[in-house]
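Novice: Before anything else, here's the structure in question.
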Amino acid sequence: MGPVEELRTRLQGADPQVREELEVIRRNGLRLGKLVNTLLDFSRIEAGRMQAGYEPVDLAAVTAELASLFRSAIDKAGLEFRVDCPPLDEPVYIDRGMWEKVVLNLLSNALKFTFEGAIGVTVRGEDDHAVVTVTDTGIGVPADEVPRLFERFHRIENARSRSNEGSGIGLALVQELVGLHGGTISADSAEGEGTRFTIRLPYGSAHLPAEAITTAGTGAGATAADPYVEEALRWLPADEGGEHAGDGMELPSHDGSAARSGGSAVPARVLVADDNADMRGYLVRLLKGAGYLVGTASDGMEALDAVRADAPDLVISDVMMPRLDGLSLVAALRSDPRTAAVPVVLLSARAGQEASIEGLQAGADDYLVKPFAAAELLARVRANMDMARLRQHQARWRSALVDSLQEAFFVCDEQGAVIEINSAFTEILGYGPENLPYTPIHPWWPDPAADPAAYEQVADAFSGLLGSGRGSYTIPVVHRDGHRLWISVTFNEAQDPDTGRHVVVGTFRDVTAEHYAIQRESALASLSTGLSQAASLSDALTGALRELRGLWRAASVLAAVFGQGDEPALTVEGEPVDWHGLPGERRRALTDLLRRPLLTPVAERDGAGILLEHPEGQLALWIDLGDPRPFTGEDQVLLSLLAGRLAQGLVRAHQIDQQRETALALQRAILGPSRLPDGFAVRYEPATRPLEVGGDWYDTIALPGGRIGIVVGDCVGRGVEAAAVMGQLRSACRALLLQDDSPARVLMALDQFAAGVTGARCTTVFCAVLDPETGRLCYSSAGHPPGILAHPDGSTGLLDGGRSVPLAVRPGATRPESETVIPARATLMLYTDGLVERRRRPLYSGIDQASQAVQDGRDVAVDDLATQVMIRLAPADGYDDDVALLLYRHPAPLEMTFPAESSQLAPVRKALRSWLGQCDLPTQIVQNVLVAAGEACANAIEHGHRHAPGDIVRLRAEASVDNLRLTVADTGRWKSPEPEANSHRGRGVALMRAMMQQVTITPGPYGTTVDMQMRIA
């Protein structure tokens, strides 16, 4: 090393690069000298010619001094260095040169394998020995490797270390040198925790050869420590701006044209991976001098990460490196589609054909043995790069085209793993190529726990991708930073021409803004439609809550209207609950909304709320999602828009409510009588919603002699205008019937009146006068649909006589009149054309359908029959014209109320006999009914009112086609039968059961009801 030191001194002012190369020569000379000296030591020990001079020393002081030489390196590594060496009671005989090698080898070993924590050196006295301990918190040694720690040339494979360099003889030499001192060394280690080396040296000199004992300090100086310390410093991170020169290899001059082969204007990029800093620096300077852009990595794992993040044009890698060696690095690069085409040149000190074959078989493009000539390395780099460029031209062109797409591009393998993406993919989703492949479930899928519905949408689309291999979906996904996106995906199946595997190629674009815009428009349109169709304020609110619940797939939606009352009025879409049944937390949330500004949403973990105006106060609305899932900013914007639209809709609904109340009051005044004569039933269905008023009407007028005037009419048009005309015609017709009981003359007079009323022309009217005693019906029709008469035998007939033109068509013309008799237990139906008229169907088809409906219900109570007819004839989408319906069954039910006095039995019996006569029943049935009714009335008087004579008894008799029903009800309580007191009494009930087919007696706290029925067909 003398000539090198002379050159260093002589060239102090030379070019920095020259001085750096001299430093590299010096460092490598020291490393080589250290290795040679170690091997010589082994040789001397084995030959028994090791020259030692043992002198008594303060072992603690000597050891602490040696340890201090490593402090700078350990501090630079960021480790804690603990040196605890108090003076010993006795001196220890050592050879200073040998002891220096022992301590420096152990400290070098500790630094090499320790990345965090501390390194410690302690000296203690123990009985007749001095004990020196070197500890670290490094990677530790596997238990099965501990017994082999002191074997020569043994190295632990794939152990993490600061450098992969080493010969495996350091610890073996330490053991031999400690043995020459008459001492022992042992190792304790736990993997992942650290290692402890313990040296025990005996006091005194009796154990040492007498001729080797000296009394003066003649050992080696501290200069022997330089190779150890400088090598350790080279393991640590350093500023590689002035990369260090290599092992004496020449650095030729280049103009950079090699780095631009193939006509490229951009310098090629090379990644150098080597754990030896000197070699790494040499390669960097060599390649930079040739015009390449150079990056570095200190081990295989670092190199792999760098290539995956940004693939270079070529990789130069050492074979032996920590964490991941060169062969494993090549295998990892070749297994990844993103990096499989990157050319790799391996460097190794292992010469020979087998080593080259191993490297090439691993997938390397070239294999170069150290030492090598700089020109050869550069030539091989250029050749491999040119070949790679030729091979990759099409792939690079394809990648450039794919990356130029504005839409995201992806390729999936047969298992659905994403194996290729472009830059737009990363821009949209935030996931880059560095983590490819992305295996299912992909990281951008929604969380199944937080949003199961969105997860199902994506899962369905993914099933389509794997199943059909072709399709298009719009699905929700999650950006890498956590926010929700909507993307429109299109994909198709393709075949890899190289492998024959089937892949799926697809593109997608971000449609988040479009999705939310469409969602807002659809939701607003749906809500507006629902509000416009609502018939009342409550219907509008209920329908809106239903819309909101469906839109957000919520468990329930609550609306609390805080008005003048003590507690809010609650409307719930979901599980019914009242205000007091709500959890206290939910009541507080609704109440807290009153303190927030209008139309300002508040979102919580499981729902959201908002405050809006309501015609009756303030409305606090809460959407209960039912499970924890995000209520996003877009959701809040949509809720605010919908709440504003709802507030407007509720105001309109409230106005319509007020208008309807006015219209209903008008309708009640002009439509027909509030109380109908017995035996009648009516229904009215307006076509104009929601005001419930129209131009059709019905009327019954009590005339002299017990007769009843019947009118059913239909004005042209609908709504308020038609109702106004109808009200005038109805009042005029009623007045005319009270003056003249001839239907024909009434319609003739009404002709004259209608001619002077705007909108009354072409009104149709059926006008009749009924004698309820005899069933005689006299009628005239002004262009109105014929009445329907259902006979008890099942036949039907039309009242089509007395027909003429509608009102005001020919004023002054004579109108015909017709007459019929309604048979006993027959049913008459009058109606307007809205009941039977349908588009693209003859009118008489509708009349036939109505006739069948009346015929089928002739044994049903007349009020129930009216409901059945309206339901049966209603179109699927409801009536599109006003409908007025009037039913009459002859005779009308008999209703009597009389005081509970025995003197009333005869008048009741007479009235019942007369009514039964109108029913046209056989004499025997009449007699049986009279007997049973007499017994029921007598019991009601005698038993039910024995303590309150004169109280009310009610009798009702009603006949249908084949059944007669008689009901007697009192307000008292019957006494229990006592046959033993009088054997001639207590037989009334038995007599009733004998006369009638079914008798039911129902006692109660407010009276007793006797219900008797008999088949009369």
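Chain labels A, B, ... are given in the sequence in which chains occur in the structure tokens; within each chain residues are numbered consecutively from 1, and ligands are likewise numbered from 1 in the order shown.
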Within 8 Å of Ala311 (chain A), counting only C-alpha atoms, which residues qualify if same-chain residues fewer than 4 places away don't, as a PyMOL selection string?

Specialist: chain A and resi 306-307+339+342

Novice: Applying 6 Å and only C-alpha atoms, which residues near region 111-124 of chain A remain after dropping the ones on its own chain fewer than 2 positions away? List them as a PyMOL selection string.

Specialist: chain A and resi 60+79-85+108-109+130-138+161-162

Novice: Got a sec to tell me which of region 786-963 of chain A DSSP assigns to alpha helix (DSSP H), as a count of residues only?

Specialist: 57

Novice: Within 12 Å of Ala732 (chain A), counting only C-alpha atoms, which residues qualify if same-chain residues fewer than 5 places away don't, as an MDAnalysis selection string?

Specialist: chainID A and resid 670 699 711 725:727 737:739 746:754 757

Novice: Just to confirm, what's the straight-line distance from CA of Ala957 (chain A) to CA of Trp915 (chain A) in Å (one decimal)?

Specialist: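 Value for the CA of Ala957 (chain A)-CA of Trp915 (chain A) distance: 8.6 Å.
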
Novice: Within 10 Å of region 794-798 of chain A, counting only C-alpha atoms, which residues qualify if same-chain residues fewer than 2 places away don't, as a list in words?

Specialist: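 These residues fall inside the cut-off: Pro785, Pro786, Gly787, Ile788, Leu789, Ala790, His791, Pro792, Asp800, Gly801, Ala826, Thr827, Leu828, Met829, Ile847, Asp848, Ser851, Gln852, Val854, Gln855, Asp856, Arg858 and Val961 of chain A.
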